[in-house]
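A.B. asks: Submitted below is the structure of interest, expressed as structure tokens.
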Amino acid sequence: MKIVVVGGVAGGMSFAARARRLNESAEIIVLERGPYVSFANCGLPYYVSGEVEDRAKLLVQTPESLAASLNLDVRTGHDVVSVDGEGRRLLVRTETGEESIDYDRLVLAPGAKAIQPDIAGLGQSSRVHTLRTVDDAIAIRGKVDSGVRRAVVLGAGFIGVEAAEGLAMNALETTLVELAPQVLPPLDAEQASLVESELKSMGIAVRTGVAATEIRSGAEADTVVLSDGSELVADVVVLSVGVRPDTAFLADSGLEMDGGALVVDEHGRTSLPDVFAVGDATVSTDAVTGVRRPVALAGPANRAGRLVADFVMRPETARPIPHPLGTAIVRAGNLTAAMTGANRRSLVGAGISFHTLHLHPAQHAGYFPGTSQIHLTVHIRQGDGLILGAQAVGADGVDKRIDVLATAMKGGALIGDLIDLDLSYSPPYGQAKDAVNLAGMVGSNVLDGTLSLWYAEDLDGVRDSALILDTRTDGEVATGMIPGALHIPHTELRGRIHEVRDAAAGRPVRVMCASGVRSAIAHRVLVQNGFDSASLSGGMLTLRAVLGERVEEVLTVPANVR
């Protein structure tokens, strides 16, 4: 059997390595357009930052090491320009000319390439770089080492945030530009707000809601013109506005595609016989919403490559490629942001009815030194509480909680199942009631009616129709409160319930505190005294994150606090 793999790195090399372990006699050829067949593409921003000092460490394997260990015929500098499915041949361009290579099985793993947006002057400047390859990272690091002072990063997705962080760590005046109204668009707004604040604390200027329209190249520096008319001077520009499947060479192959991405079945089979595809260039079905789209993440690509190799070599026992949850994580300064499953926007778009839970628990025992909060959001399906998605931002412990929740989602867990998870506990590492357990408790209370929630996004309507009851302490209220709210600390509520009744005058009561814990207690008191009550999900912490720069406009400091 002669197997040809087009593209290395994640999906392609994962397939080739697994195929060899299952079949020692197969001829396996890997064709890679670039000079590196297996490199740590997720580590590129950390070479730019200087945290990874030796570029050689970015090279996971070489053609020589793969030949020695796995007997793979790896050919770099081989650019596949067309596929003849009927003739089972590839046309390949090399530096010495063109050649034809036949195959019995073909695996396509071309990956994705950086989107080149319609920006005037984009292709005329040597100061503009993408960050997709080892050579990209070397070029940007070279600019940093040369002493440049000003950087503009276009696009505030994962790579953009990592690039901006790395440049700022090297004392460059860095501006991060994003067309969406927030950084990290896959995050819900209240979580993205926390990341944006952290980026600004690092000295990074963040410009959201605008895009670059022109790049004017100058003798000493470039000028990036934004859609609002403002201009940014840059010694280096990093372009990271997204990626698209690198499948242009397959346009005349007869392969079925959707938006440029290869359509595959649960075993990676394409529309052509004995042609398979894996990785960023394939269409995936979202595990929660059912939306079909490419998922450009290393984990799913690596795992798919292995599973397709299993099917090619052992079809009778091969497992199907699962629908990805899109679990992802990124560092931003001293914070970590992570997510799994669907966000609020995608759930609304899919027409799925859901509840959102906001929690702000400590990452370990509060009395142990170094405690900090995890800002956790969990979306659950109305009715049965199926976990649909989760996000977290914090200084510590974020990865553990999101990985646990991703595992729970993979198993089809309901929110109540989280209560019973037997998670490791010791004061330096967690709490007896871990953040994940607490999410299960809050969600169960919502589902069975013990707790009703209202949301920060609904503040204007709530102020018009209900009495807002602030149950924080005098000191907390002095830092800002909602105008017109009634302030009664939760420990005094039972003795002052008559004040609530008089102030409400028949209206619903919407309770709030700092994080949602004390307001939930107050909610139970109010409900059992006959009030129409609900507790602010996530409390003032979430409200401030949702308001963002509007905080000063909305909140007031009371003149006299009891």
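Following the order of the structure tokens, chains are lettered A, B, ..., residues in each are numbered from 1, and ligands are numbered from 1.
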Quick one: residues within 10 Å of A:Leu272, only C-alpha atoms counted, chain neighbours fewer than 5 positions away excluded, as an mmCIF file with N, CA and C atoms, in the first residue's frame?

C.D. replies:
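This is the output file around-v9.cif:
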data_model
loop_
_atom_site.group_PDB
_atom_site.id
_atom_site.type_symbol
_atom_site.label_atom_id
_atom_site.label_comp_id
_atom_site.auth_asym_id
_atom_site.auth_seq_id
_atom_site.Cartn_x
_atom_site.Cartn_y
_atom_site.Cartn_z
ATOM 1 N N ASP A 84 -5.476 14.494 -9.079
ATOM 2 C CA ASP A 84 -6.257 13.768 -10.081
ATOM 3 C C ASP A 84 -6.822 12.534 -9.392
ATOM 4 N N GLY A 85 -8.085 12.641 -8.912
ATOM 5 C CA GLY A 85 -8.672 11.546 -8.167
ATOM 6 C C GLY A 85 -8.923 10.318 -9.012
ATOM 7 N N GLU A 86 -9.301 10.510 -10.272
ATOM 8 C CA GLU A 86 -9.570 9.369 -11.149
ATOM 9 C C GLU A 86 -8.290 8.623 -11.482
ATOM 10 N N ARG A 88 -5.572 8.852 -9.663
ATOM 11 C CA ARG A 88 -4.828 8.628 -8.409
ATOM 12 C C ARG A 88 -3.399 9.154 -8.529
ATOM 13 N N LEU A 106 -4.729 8.556 -0.246
ATOM 14 C CA LEU A 106 -4.262 9.938 -0.159
ATOM 15 C C LEU A 106 -4.886 10.581 1.079
ATOM 16 N N SER A 253 -10.305 19.546 -8.308
ATOM 17 C CA SER A 253 -10.125 18.119 -8.003
ATOM 18 C C SER A 253 -11.424 17.336 -7.987
ATOM 19 N N GLY A 254 -12.554 18.036 -7.907
ATOM 20 C CA GLY A 254 -13.831 17.340 -7.772
ATOM 21 C C GLY A 254 -14.194 17.022 -6.349
ATOM 22 N N LEU A 255 -13.366 17.383 -5.407
ATOM 23 C CA LEU A 255 -13.661 17.156 -3.994
ATOM 24 C C LEU A 255 -14.791 18.067 -3.534
ATOM 25 N N GLU A 256 -15.699 17.529 -2.746
ATOM 26 C CA GLU A 256 -16.784 18.347 -2.201
ATOM 27 C C GLU A 256 -16.232 19.248 -1.098
#

A.B. asks: Quick one: residues within 9 Å of stretch 494-509 of chain A, only C-alpha atoms, excluding same-chain residues fewer than 4 positions away - as an MDAnalysis selection string?

C.D. replies: chainID A and resid 465:469 486 488 490 522:523 525:526 529 531:535

A.B. asks: Keeping only N, CA and C atoms, write the selected residues as a short mmCIF file (atom, residue, chain, number, x, y, z; two decimals), in the first residue's frame.

C.D. replies:
data_model
loop_
_atom_site.label_atom_id
_atom_site.label_comp_id
_atom_site.auth_asym_id
_atom_site.auth_seq_id
_atom_site.Cartn_x
_atom_site.Cartn_y
_atom_site.Cartn_z
N SER A 465 -38.76 48.50 36.03
CA SER A 465 -39.92 47.69 36.42
C SER A 465 -39.85 47.07 37.80
N ALA A 466 -38.71 47.16 38.47
CA ALA A 466 -38.55 46.45 39.74
C ALA A 466 -37.78 47.29 40.74
N LEU A 467 -37.84 46.87 41.98
CA LEU A 467 -36.99 47.43 43.04
C LEU A 467 -35.70 46.62 43.08
N ILE A 468 -34.57 47.32 43.00
CA ILE A 468 -33.28 46.65 43.13
C ILE A 468 -32.85 46.74 44.59
N LEU A 469 -32.57 45.60 45.18
CA LEU A 469 -32.16 45.51 46.58
C LEU A 469 -30.69 45.13 46.63
N LEU A 486 -32.32 50.07 46.82
CA LEU A 486 -32.47 50.06 48.27
C LEU A 486 -31.33 49.26 48.86
N ILE A 488 -29.85 47.29 51.94
CA ILE A 488 -30.01 46.61 53.22
C ILE A 488 -29.04 45.44 53.24
N HIS A 490 -27.43 41.97 53.86
CA HIS A 490 -28.21 40.74 53.92
C HIS A 490 -28.40 40.23 55.34
N ALA A 522 -30.53 36.14 50.34
CA ALA A 522 -31.61 37.13 50.47
C ALA A 522 -32.82 36.76 49.62
N HIS A 523 -32.56 36.21 48.46
CA HIS A 523 -33.65 35.77 47.58
C HIS A 523 -34.53 34.75 48.28
N VAL A 525 -35.00 34.41 51.45
CA VAL A 525 -35.76 35.10 52.50
C VAL A 525 -36.96 35.81 51.87
N LEU A 526 -36.72 36.48 50.77
CA LEU A 526 -37.80 37.25 50.13
C LEU A 526 -38.90 36.35 49.58
N ASN A 529 -41.19 35.19 52.04
CA ASN A 529 -42.02 36.27 52.59
C ASN A 529 -42.99 36.81 51.53
N PHE A 531 -42.48 37.61 48.20
CA PHE A 531 -42.03 38.53 47.15
C PHE A 531 -41.75 37.81 45.84
N ASP A 532 -41.94 38.52 44.74
CA ASP A 532 -41.44 38.09 43.42
C ASP A 532 -39.98 38.52 43.37
N SER A 533 -39.07 37.58 43.50
CA SER A 533 -37.65 37.90 43.67
C SER A 533 -36.78 37.15 42.67
N ALA A 534 -35.63 37.75 42.39
CA ALA A 534 -34.59 37.10 41.59
C ALA A 534 -33.25 37.67 42.01
N SER A 535 -32.20 36.86 41.86
CA SER A 535 -30.84 37.24 42.27
C SER A 535 -29.99 37.54 41.05
#

A.B. asks: At a cut-off of 9 Å, using only C-alpha atoms, what residues contact stretch 354-364 of chain A? Leave out same-chain residues fewer than 2 positions from it and give the result as a count of residues only.

C.D. replies: 54

A.B. asks: Excluding same-chain residues fewer than 2 positions from A:Ala171, what lies within 12 Å of it counting only C-alpha atoms, as an NGL selection string?

C.D. replies: :A and (49-50 or 144-145 or 147-151 or 164-169 or 173-174 or 202-204)

A.B. asks: Excluding A:Val153 and any residue of its chain fewer than 5 positions from it, enumerate the residues within 9 Å of it, using only C-alpha atoms, and give them as a list in words.

C.D. replies: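 Returned residues: Gly160, Val161, Ala163, Ala164, Thr174, Thr175, Leu176, Val177, Glu178, Val236, Val237, Val238, Leu239 and Ser240 of chain A.
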
A.B. asks: Compile the contact shell of A:Ala19 as a ChimeraX atom specification: residues with an atom at most 7 Å away, counting only C-alpha atoms, same-chain residues fewer than 4 positions apart removed.

C.D. replies: /A:15,23,309,313

A.B. asks: Just write the chosen residues, N, CA and C atoms, as an mmCIF file, in the first residue's frame.

C.D. replies:
data_model
loop_
_atom_site.group_PDB
_atom_site.id
_atom_site.type_symbol
_atom_site.label_atom_id
_atom_site.label_comp_id
_atom_site.auth_asym_id
_atom_site.auth_seq_id
_atom_site.Cartn_x
_atom_site.Cartn_y
_atom_site.Cartn_z
ATOM 1 N N PHE A 15 -1.293 11.340 11.501
ATOM 2 C CA PHE A 15 -1.716 10.211 10.670
ATOM 3 C C PHE A 15 -0.527 9.339 10.304
ATOM 4 N N ASN A 23 1.264 -0.420 10.520
ATOM 5 C CA ASN A 23 1.617 -1.148 9.304
ATOM 6 C C ASN A 23 3.067 -0.862 8.951
ATOM 7 N N ALA A 309 -5.972 7.233 10.564
ATOM 8 C CA ALA A 309 -4.998 6.160 10.365
ATOM 9 C C ALA A 309 -5.566 4.827 10.850
ATOM 10 N N MET A 313 -6.110 1.585 8.321
ATOM 11 C CA MET A 313 -5.399 0.333 8.590
ATOM 12 C C MET A 313 -6.276 -0.730 9.247
#

A.B. asks: Taking 6 positions as the minimum chain separation for residues in the same chain, which residues sit within 9 Å of A:Ala212 when counting only C-alpha atoms? Answer as a PyMOL selection string.

C.D. replies: chain A and resi 119-120+154+177-179+224-227

A.B. asks: Atoms to include: all heavy atoms. Write the selected residues as a compact mmCIF listing (two decimals), in the first residue's frame.

C.D. replies:
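After the write, again-v7.txt holds the following:
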# COMPACT_ATOMS: atom_id res chain seq x y z
N ILE A 119 -6.96 45.50 2.66
CA ILE A 119 -6.37 46.70 3.26
C ILE A 119 -5.43 47.33 2.24
O ILE A 119 -4.49 46.67 1.78
CB ILE A 119 -5.61 46.37 4.56
CG1 ILE A 119 -6.54 45.72 5.60
CG2 ILE A 119 -4.94 47.61 5.13
CD1 ILE A 119 -5.81 45.25 6.84
N ALA A 120 -5.68 48.54 1.89
CA ALA A 120 -4.84 49.23 0.92
C ALA A 120 -3.39 49.25 1.40
O ALA A 120 -3.12 49.57 2.56
CB ALA A 120 -5.34 50.66 0.70
N LEU A 154 -3.04 43.45 14.33
CA LEU A 154 -4.38 43.51 13.74
C LEU A 154 -5.08 42.18 13.96
O LEU A 154 -4.70 41.16 13.40
CB LEU A 154 -4.28 43.81 12.24
CG LEU A 154 -3.58 45.12 11.87
CD1 LEU A 154 -3.51 45.29 10.36
CD2 LEU A 154 -4.29 46.32 12.50
N VAL A 177 -5.69 45.85 17.70
CA VAL A 177 -6.86 46.35 16.96
C VAL A 177 -7.78 45.18 16.63
O VAL A 177 -7.31 44.16 16.11
CB VAL A 177 -6.43 47.07 15.67
CG1 VAL A 177 -7.64 47.57 14.90
CG2 VAL A 177 -5.47 48.22 15.98
N GLU A 178 -9.08 45.34 16.92
CA GLU A 178 -10.04 44.27 16.66
C GLU A 178 -11.34 44.86 16.12
O GLU A 178 -11.90 45.78 16.72
CB GLU A 178 -10.31 43.48 17.94
CG GLU A 178 -11.45 42.49 17.88
CD GLU A 178 -11.28 41.45 16.79
OE1 GLU A 178 -10.20 40.82 16.71
OE2 GLU A 178 -12.23 41.28 15.99
N LEU A 179 -11.82 44.32 15.01
CA LEU A 179 -13.05 44.80 14.41
C LEU A 179 -14.27 44.51 15.28
O LEU A 179 -15.20 45.31 15.34
CB LEU A 179 -13.23 44.16 13.03
CG LEU A 179 -14.52 44.50 12.26
CD1 LEU A 179 -14.62 46.00 12.03
CD2 LEU A 179 -14.59 43.73 10.96
N VAL A 224 -0.57 52.89 10.08
CA VAL A 224 -1.78 52.08 9.96
C VAL A 224 -2.97 53.00 10.15
O VAL A 224 -3.14 53.60 11.21
CB VAL A 224 -1.80 50.95 11.01
CG1 VAL A 224 -3.07 50.11 10.85
CG2 VAL A 224 -0.56 50.07 10.87
N VAL A 225 -3.80 53.11 9.12
CA VAL A 225 -4.98 53.97 9.16
C VAL A 225 -6.18 53.11 9.54
O VAL A 225 -6.45 52.07 8.92
CB VAL A 225 -5.23 54.65 7.80
CG1 VAL A 225 -6.43 55.58 7.89
CG2 VAL A 225 -3.98 55.41 7.36
N LEU A 226 -6.91 53.54 10.57
CA LEU A 226 -8.08 52.79 11.03
C LEU A 226 -9.37 53.36 10.47
O LEU A 226 -9.40 54.48 9.95
CB LEU A 226 -8.12 52.80 12.57
CG LEU A 226 -6.89 52.23 13.29
CD1 LEU A 226 -7.11 52.21 14.79
CD2 LEU A 226 -6.56 50.84 12.77
N SER A 227 -10.43 52.56 10.57
CA SER A 227 -11.71 52.93 9.96
C SER A 227 -12.35 54.15 10.60
O SER A 227 -13.25 54.74 10.01
CB SER A 227 -12.67 51.73 10.03
OG SER A 227 -12.81 51.26 11.35

A.B. asks: Atom CA of A:Ser82 and atom CA of A:Ser100 are how many Å apart?

C.D. replies: 9.8 Å

A.B. asks: Going by DSSP on the backbone, which bits of stretch 316-377 of chain A are strand (DSSP E)? Write them as a count of residues only, please.

C.D. replies: 22

A.B. asks: Using only C-alpha atoms, which of A:Thr289, A:Gln124, A:Thr130, A:Asn302 sits nearest A:Arg345?

C.D. replies: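 Using only C-alpha atoms, the shortest distance to A:Arg345 belongs to A:Thr289.
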